[in-house]
Amino acid sequence: MPRKITTEPIKRLTIELPESEYRLLEEYCIKKQHTKRQVIRYLIQQLKGL
């Protein structure tokens, strides 16, 4: 998936998960046909409304 051009600097995020949580994320992504990046970015964007 190509990145959109942005004027903001890009930061890299690495997370550690228990294998069971990682499997849940993978299963969700397959079911919804989204990448892990898309799902995590969506969740982070939802924080703006809090």
# chains A, B, ... in the order shown; residues from 1 in each chain; ligands from 1

$ residues_around --residues "Tyr28 in chain A" --least-positions-apart "6" --cutoff "9 Å" --atoms "only C-alpha atoms" --output "PDB file with C-alpha atoms, in the first residue's frame"
ATOM      1  CA  HIS A  34      -7.493  -4.608   5.913  1.00  0.00           C
ATOM      2  CA  LYS A  36      -2.517  -4.346  10.216  1.00  0.00           C
ATOM      3  CA  VAL A  39      -6.378  -1.154  11.519  1.00  0.00           C
TER       4      VAL A  39
END

$ residues_around --residues "range 9-22 of chain A" --least-positions-apart "5" --cutoff "12 Å" --atoms "only C-alpha atoms" --output "ChimeraX atom specification"
/A:3-4,27-29,36-37,40-41,44

$ select_by_dssp --residues "chain A" --states "alpha helix (DSSP H)" --output "CSV table (one decimal) with C-alpha atoms, in the first residue's frame"
chain,number,residue,atom,x,y,z
A,19,GLU,CA,0.9,-14.3,20.4
A,20,SER,CA,-2.8,-14.6,21.2
A,21,GLU,CA,-3.4,-10.9,20.7
A,22,TYR,CA,-1.4,-10.9,17.5
A,23,ARG,CA,-3.5,-13.8,16.2
A,24,LEU,CA,-6.7,-11.8,17.0
A,25,LEU,CA,-5.4,-8.9,15.0
A,26,GLU,CA,-4.4,-11.1,12.1
A,27,GLU,CA,-7.8,-12.8,12.1
A,28,TYR,CA,-9.6,-9.4,12.2
A,29,CYS,CA,-7.5,-8.1,9.3
A,30,ILE,CA,-8.3,-11.1,7.2
A,31,LYS,CA,-12.0,-11.0,8.0
A,32,LYS,CA,-12.2,-7.2,7.2
A,36,LYS,CA,-2.5,-4.3,10.2
A,37,ARG,CA,-1.3,-0.8,9.5
A,38,GLN,CA,-4.7,0.3,8.4
A,39,VAL,CA,-6.4,-1.2,11.5
A,40,ILE,CA,-3.8,0.4,13.9
A,41,ARG,CA,-3.9,3.8,12.2
A,42,TYR,CA,-7.7,3.7,12.3
A,43,LEU,CA,-7.7,3.0,16.1
A,44,ILE,CA,-5.1,5.8,16.7
A,45,GLN,CA,-7.2,8.3,14.6
A,46,GLN,CA,-10.2,7.5,16.8

$ decode --residues "chain A" --atoms "C-alpha atoms" --output "PDB file, in the first residue's frame"
ATOM      1  CA  MET A   1       0.000   0.000   0.000  1.00  0.00           C
ATOM      2  CA  PRO A   2       1.635   3.277  -1.059  1.00  0.00           C
ATOM      3  CA  ARG A   3       1.926   6.078   1.450  1.00  0.00           C
ATOM      4  CA  LYS A   4       0.053   9.322   0.937  1.00  0.00           C
ATOM      5  CA  ILE A   5       2.287  12.340   0.537  1.00  0.00           C
ATOM      6  CA  THR A   6       2.345  14.311   3.773  1.00  0.00           C
ATOM      7  CA  THR A   7       4.137  17.359   5.074  1.00  0.00           C
ATOM      8  CA  GLU A   8       4.396  15.762   8.516  1.00  0.00           C
ATOM      9  CA  PRO A   9       7.472  13.753   9.437  1.00  0.00           C
ATOM     10  CA  ILE A  10       6.888   9.999   9.562  1.00  0.00           C
ATOM     11  CA  LYS A  11       7.565   8.099  12.789  1.00  0.00           C
ATOM     12  CA  ARG A  12       7.926   4.331  13.028  1.00  0.00           C
ATOM     13  CA  LEU A  13       6.102   2.382  15.743  1.00  0.00           C
ATOM     14  CA  THR A  14       7.061  -1.109  16.874  1.00  0.00           C
ATOM     15  CA  ILE A  15       4.822  -2.947  19.318  1.00  0.00           C
ATOM     16  CA  GLU A  16       5.154  -6.211  21.169  1.00  0.00           C
ATOM     17  CA  LEU A  17       2.054  -8.342  21.647  1.00  0.00           C
ATOM     18  CA  PRO A  18       1.350 -11.712  23.170  1.00  0.00           C
ATOM     19  CA  GLU A  19       0.906 -14.251  20.399  1.00  0.00           C
ATOM     20  CA  SER A  20      -2.803 -14.615  21.214  1.00  0.00           C
ATOM     21  CA  GLU A  21      -3.417 -10.876  20.662  1.00  0.00           C
ATOM     22  CA  TYR A  22      -1.376 -10.921  17.469  1.00  0.00           C
ATOM     23  CA  ARG A  23      -3.512 -13.802  16.175  1.00  0.00           C
ATOM     24  CA  LEU A  24      -6.671 -11.844  17.010  1.00  0.00           C
ATOM     25  CA  LEU A  25      -5.352  -8.873  15.039  1.00  0.00           C
ATOM     26  CA  GLU A  26      -4.446 -11.093  12.083  1.00  0.00           C
ATOM     27  CA  GLU A  27      -7.845 -12.801  12.081  1.00  0.00           C
ATOM     28  CA  TYR A  28      -9.611  -9.431  12.210  1.00  0.00           C
ATOM     29  CA  CYS A  29      -7.517  -8.098   9.340  1.00  0.00           C
ATOM     30  CA  ILE A  30      -8.257 -11.136   7.193  1.00  0.00           C
ATOM     31  CA  LYS A  31     -11.969 -10.959   7.978  1.00  0.00           C
ATOM     32  CA  LYS A  32     -12.191  -7.225   7.180  1.00  0.00           C
ATOM     33  CA  GLN A  33      -9.609  -7.353   4.350  1.00  0.00           C
ATOM     34  CA  HIS A  34      -7.493  -4.608   5.913  1.00  0.00           C
ATOM     35  CA  THR A  35      -3.797  -4.488   6.648  1.00  0.00           C
ATOM     36  CA  LYS A  36      -2.517  -4.346  10.216  1.00  0.00           C
ATOM     37  CA  ARG A  37      -1.264  -0.843   9.471  1.00  0.00           C
ATOM     38  CA  GLN A  38      -4.738   0.279   8.395  1.00  0.00           C
ATOM     39  CA  VAL A  39      -6.378  -1.154  11.519  1.00  0.00           C
ATOM     40  CA  ILE A  40      -3.849   0.352  13.930  1.00  0.00           C
ATOM     41  CA  ARG A  41      -3.936   3.750  12.193  1.00  0.00           C
ATOM     42  CA  TYR A  42      -7.744   3.730  12.336  1.00  0.00           C
ATOM     43  CA  LEU A  43      -7.656   3.041  16.088  1.00  0.00           C
ATOM     44  CA  ILE A  44      -5.137   5.841  16.659  1.00  0.00           C
ATOM     45  CA  GLN A  45      -7.215   8.285  14.593  1.00  0.00           C
ATOM     46  CA  GLN A  46     -10.214   7.506  16.814  1.00  0.00           C
ATOM     47  CA  LEU A  47      -8.252   8.970  19.752  1.00  0.00           C
ATOM     48  CA  LYS A  48      -8.719  12.470  18.258  1.00  0.00           C
ATOM     49  CA  GLY A  49     -12.376  12.382  19.290  1.00  0.00           C
ATOM     50  CA  LEU A  50     -11.674  11.615  22.953  1.00  0.00           C
TER      51      LEU A  50
END
